[in-house]
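Asks: To start, I am sharing the structure in question, which I have written as structure tokens.
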Amino acid sequence: KILLQLILIIIIILLSLTFFFKFIKKDKEDLTKQEILTIEEETNLIKELEYSTIDKQGNSYVIKAKSGKIDKNQGDLIFMNDVSAEIIFNNDKLILISADNAIYNGNNFNTNFMGNVIANHEKHTVNSDKLDLLFTINLAVIYDDLIYTNPFTKLLADRMEIDLITKTSKILMNDSEKKILINYND
């Protein structure tokens with residue numbers, strides 16, 4: 001009688017384990033796979049990200065964003081939102097940049113800022129719609145609705161180019177018929 005009860009208990013345990021592994025565990029695995037697919041569909045969203053580098057001249061570059069998304073097709077491109085950046089030159093001069101969005105290239109550190117771009121350097125401020133930091137050619141290009149201000153001057157132009165090595169700049173208009181507007185205050 002005890003032997004029969006023991007055999008019945010073993011059969012019940014084996015049936016329970018078979019049922020568990022065949023049906024319940026498989027359902028949990030399917031749910032886990034679905035959760036992983038959902039996360040992957042969110043396209044690699046990264047929150048509170050930061051990148052930094054130092055160039056050959058000893059200048060450092062730090063870019064921060066509230067969130068970013070890695071491009072599926074080009075893994076070296078990161079689309080960033082609510083962006084701030086600092087360029088600290090080896091002589092301790094500092095440029096601060098903020099923008100709504102940016103595209104950061106992880107291979108060459110080139111960064112394209114877009115939307116409500118503000119660049120500050122000491123008493124100089126530049127507002128525009130776009131700013132491209134092109135480290136591959138050591139150039140910053142600021143364009144689209146460019147407004148440059150300092151304590152004495154307000155300047156409206158189409159484009160400003162700043163050589164990141166010599167720190168010289170050019171201010172241009174896209175149409176040679178148009179003039180740069182300058183308002184000088186004493």
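Within each chain, counting starts at residue 1; across the structure tokens, chains are named A, B, ... in the order shown, with ligands numbered 1 upward in that order.
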Could you please write out, as JSON, numbers by chain, every residue of chain A that DSSP assigns to strand (DSSP E)?
Replies: {"A": [45, 46, 47, 48, 49, 50, 51, 52, 53, 54, 60, 61, 62, 63, 64, 65, 66, 67, 68, 69, 70, 77, 78, 79, 80, 81, 82, 83, 84, 85, 86, 87, 88, 94, 95, 96, 97, 98, 99, 100, 101, 102, 103, 104, 105, 111, 112, 113, 114, 115, 116, 117, 118, 119, 120, 121, 124, 125, 126, 127, 128, 129, 130, 131, 132, 133, 134, 139, 140, 141, 142, 143, 144, 145, 146, 147, 148, 149, 153, 154, 155, 156, 157, 158, 159, 160, 161, 162, 163, 169, 170, 171, 172, 181, 182, 183, 184]}
Asks: Near A:Ile162, within 7 Å and counting only C-alpha atoms, which residues show up once chain neighbours fewer than 4 positions away are dropped, as a list in words?
Replies: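 Contacts, in chain order: Leu139, Ala140, Val141, Lys167, Thr168, Ser169 and Lys170 of chain A.
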Asks: With all heavy atoms kept, could you save the residues just selected as a PDB file, in the first residue's frame?
Replies:
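Final output, saved to out.pdb:
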ATOM      1  N   LEU A 139      37.132  73.599 -37.554  1.00  0.00           N
ATOM      2  CA  LEU A 139      36.298  74.731 -37.936  1.00  0.00           C
ATOM      3  C   LEU A 139      34.942  74.647 -37.236  1.00  0.00           C
ATOM      4  O   LEU A 139      34.374  73.569 -37.103  1.00  0.00           O
ATOM      5  CB  LEU A 139      36.093  74.731 -39.459  1.00  0.00           C
ATOM      6  CG  LEU A 139      35.401  75.925 -40.084  1.00  0.00           C
ATOM      7  CD1 LEU A 139      36.272  77.182 -39.972  1.00  0.00           C
ATOM      8  CD2 LEU A 139      35.090  75.643 -41.539  1.00  0.00           C
ATOM      9  N   ALA A 140      34.453  75.789 -36.785  1.00  0.00           N
ATOM     10  CA  ALA A 140      33.083  75.911 -36.283  1.00  0.00           C
ATOM     11  C   ALA A 140      32.332  76.790 -37.270  1.00  0.00           C
ATOM     12  O   ALA A 140      32.797  77.881 -37.615  1.00  0.00           O
ATOM     13  CB  ALA A 140      33.064  76.533 -34.899  1.00  0.00           C
ATOM     14  N   VAL A 141      31.191  76.319 -37.745  1.00  0.00           N
ATOM     15  CA  VAL A 141      30.376  77.065 -38.692  1.00  0.00           C
ATOM     16  C   VAL A 141      29.025  77.319 -38.037  1.00  0.00           C
ATOM     17  O   VAL A 141      28.336  76.374 -37.638  1.00  0.00           O
ATOM     18  CB  VAL A 141      30.191  76.299 -40.023  1.00  0.00           C
ATOM     19  CG1 VAL A 141      29.359  77.118 -40.991  1.00  0.00           C
ATOM     20  CG2 VAL A 141      31.533  75.932 -40.630  1.00  0.00           C
ATOM     21  N   LYS A 167      41.721  80.756 -33.821  1.00  0.00           N
ATOM     22  CA  LYS A 167      40.644  81.519 -33.167  1.00  0.00           C
ATOM     23  C   LYS A 167      40.228  82.743 -33.984  1.00  0.00           C
ATOM     24  O   LYS A 167      39.638  83.670 -33.455  1.00  0.00           O
ATOM     25  CB  LYS A 167      41.015  81.957 -31.745  1.00  0.00           C
ATOM     26  CG  LYS A 167      41.673  80.944 -30.865  1.00  0.00           C
ATOM     27  CD  LYS A 167      40.889  79.702 -30.655  1.00  0.00           C
ATOM     28  CE  LYS A 167      41.537  78.763 -29.680  1.00  0.00           C
ATOM     29  NZ  LYS A 167      42.566  77.881 -30.175  1.00  0.00           N
ATOM     30  N   THR A 168      40.532  82.763 -35.279  1.00  0.00           N
ATOM     31  CA  THR A 168      40.081  83.847 -36.151  1.00  0.00           C
ATOM     32  C   THR A 168      38.705  83.508 -36.698  1.00  0.00           C
ATOM     33  O   THR A 168      38.340  82.342 -36.815  1.00  0.00           O
ATOM     34  CB  THR A 168      41.065  84.069 -37.315  1.00  0.00           C
ATOM     35  OG1 THR A 168      41.186  82.851 -38.058  1.00  0.00           O
ATOM     36  CG2 THR A 168      42.428  84.499 -36.798  1.00  0.00           C
ATOM     37  N   SER A 169      37.943  84.545 -37.034  1.00  0.00           N
ATOM     38  CA  SER A 169      36.594  84.305 -37.536  1.00  0.00           C
ATOM     39  C   SER A 169      36.316  85.122 -38.782  1.00  0.00           C
ATOM     40  O   SER A 169      36.928  86.162 -39.015  1.00  0.00           O
ATOM     41  CB  SER A 169      35.562  84.628 -36.455  1.00  0.00           C
ATOM     42  OG  SER A 169      35.630  85.986 -36.100  1.00  0.00           O
ATOM     43  N   LYS A 170      35.371  84.613 -39.586  1.00  0.00           N
ATOM     44  CA  LYS A 170      34.868  85.313 -40.768  1.00  0.00           C
ATOM     45  C   LYS A 170      33.360  85.393 -40.627  1.00  0.00           C
ATOM     46  O   LYS A 170      32.715  84.422 -40.224  1.00  0.00           O
ATOM     47  CB  LYS A 170      35.175  84.534 -42.050  1.00  0.00           C
ATOM     48  CG  LYS A 170      36.607  84.488 -42.453  1.00  0.00           C
ATOM     49  CD  LYS A 170      36.701  83.893 -43.853  1.00  0.00           C
ATOM     50  CE  LYS A 170      37.423  82.573 -43.805  1.00  0.00           C
ATOM     51  NZ  LYS A 170      37.542  81.937 -45.101  1.00  0.00           N
TER      52      LYS A 170
END
Asks: Taking into account only C-alpha atoms, which residue in the set A:Ile10, A:Tyr104, A:Lys179, A:Ile2 is nearest to A:Leu49?
Replies: A:Tyr104
Asks: Could you check how far atom CA of A:Asp132 sits from atom CA of A:Ile46, in Å to one decimal?
Replies: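 About the pair atom CA of A:Asp132 and atom CA of A:Ile46: they are 22.4 Å apart.
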Asks: For atom CA of A:Glu86 and atom CA of A:Asn108, determine how far apart the two atoms are, in Å to one decimal place.
Replies: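 Between atom CA of A:Glu86 and atom CA of A:Asn108 the gap is 16.6 Å.
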Asks: Skipping near chain neighbours, those fewer than 5 positions away, what residues fall within 10 Å of A:Thr153 using only C-alpha atoms, listed as a CSV table (one decimal) with N, CA, C and O atoms, in the first residue's frame?
Replies:
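Written out: part39.csv:
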chain,number,residue,atom,x,y,z
A,124,HIS,N,31.0,87.4,-25.4
A,124,HIS,CA,30.5,87.3,-26.8
A,124,HIS,C,29.4,86.2,-26.8
A,124,HIS,O,29.6,85.1,-26.2
A,148,TYR,N,25.0,87.9,-33.5
A,148,TYR,CA,26.2,88.0,-32.7
A,148,TYR,C,26.0,89.3,-31.8
A,148,TYR,O,25.7,90.4,-32.3
A,182,ILE,N,25.1,95.8,-38.7
A,182,ILE,CA,25.8,96.0,-37.5
A,182,ILE,C,25.2,97.2,-36.8
A,182,ILE,O,25.1,98.3,-37.3
A,183,ASN,N,25.0,97.0,-35.5
A,183,ASN,CA,24.5,98.1,-34.6
A,183,ASN,C,25.5,98.2,-33.5
A,183,ASN,O,25.7,97.4,-32.7
A,184,TYR,N,26.2,99.4,-33.5
A,184,TYR,CA,27.3,99.6,-32.6
A,184,TYR,C,26.8,100.6,-31.5
A,184,TYR,O,26.2,101.6,-31.8
A,185,ASN,N,26.9,100.2,-30.2
A,185,ASN,CA,26.5,101.0,-29.1
A,185,ASN,C,27.8,101.5,-28.3
A,185,ASN,O,28.6,100.7,-28.0
A,186,ASP,N,27.8,102.7,-27.9
A,186,ASP,CA,28.9,103.3,-27.2
A,186,ASP,C,28.9,102.8,-25.8
A,186,ASP,O,28.0,102.7,-25.1
Asks: So that I can see what lies close to stretch 115-120 of chain A, please list as a list in words the residues with an atom at most 8 Å from it, counting only C-alpha atoms and leaving out residues fewer than 4 positions away in the same chain.
Replies: Ile95, Leu96, Ile97, Ser98, Ala99, Asp100, Asn101, His124, Thr125, Val126, Asn127, Ser128, Asp129, Lys130 and Leu131 of chain A
Asks: Please extract the residues of chain A with a backbone DSSP assignment of alpha helix (DSSP H) and present them as a PyMOL selection string.
Replies: chain A and resi 2-19+25-41
Asks: Set the distance at 7 Å and use only C-alpha atoms: which residues neighbour A:Met80 once local chain neighbours fewer than 2 positions away are removed? I'd like the list as a tab-separated table (two decimals) with N, CA and C atoms, in the first residue's frame.
Replies:
chain	number	residue	atom	x	y	z
A	65	ALA	N	23.85	65.40	-23.00
A	65	ALA	CA	22.48	65.47	-23.49
A	65	ALA	C	21.55	64.79	-22.50
A	67	SER	N	18.97	63.09	-23.45
A	67	SER	CA	18.71	61.77	-24.03
A	67	SER	C	19.34	61.70	-25.41
A	68	GLY	N	19.54	60.49	-25.87
A	68	GLY	CA	20.12	60.27	-27.19
A	68	GLY	C	19.66	58.95	-27.75
A	69	LYS	N	19.79	58.83	-29.06
A	69	LYS	CA	19.36	57.62	-29.74
A	69	LYS	C	20.40	57.28	-30.79
A	78	ILE	N	24.85	59.61	-33.17
A	78	ILE	CA	23.94	59.63	-32.04
A	78	ILE	C	23.11	60.91	-32.14
A	82	ASP	N	18.19	68.11	-26.03
A	82	ASP	CA	18.50	68.99	-24.90
A	82	ASP	C	20.00	68.91	-24.59
A	83	VAL	N	20.78	69.55	-25.46
A	83	VAL	CA	22.22	69.36	-25.53
A	83	VAL	C	22.98	70.56	-24.97
A	101	ASN	N	18.78	70.19	-30.10
A	101	ASN	CA	19.16	68.88	-30.63
A	101	ASN	C	20.58	68.93	-31.19
A	102	ALA	N	21.16	67.75	-31.37
A	102	ALA	CA	22.47	67.65	-32.01
A	102	ALA	C	22.64	66.25	-32.58
A	103	ILE	N	23.50	66.16	-33.59
A	103	ILE	CA	23.92	64.87	-34.12
A	103	ILE	C	25.41	64.78	-33.86
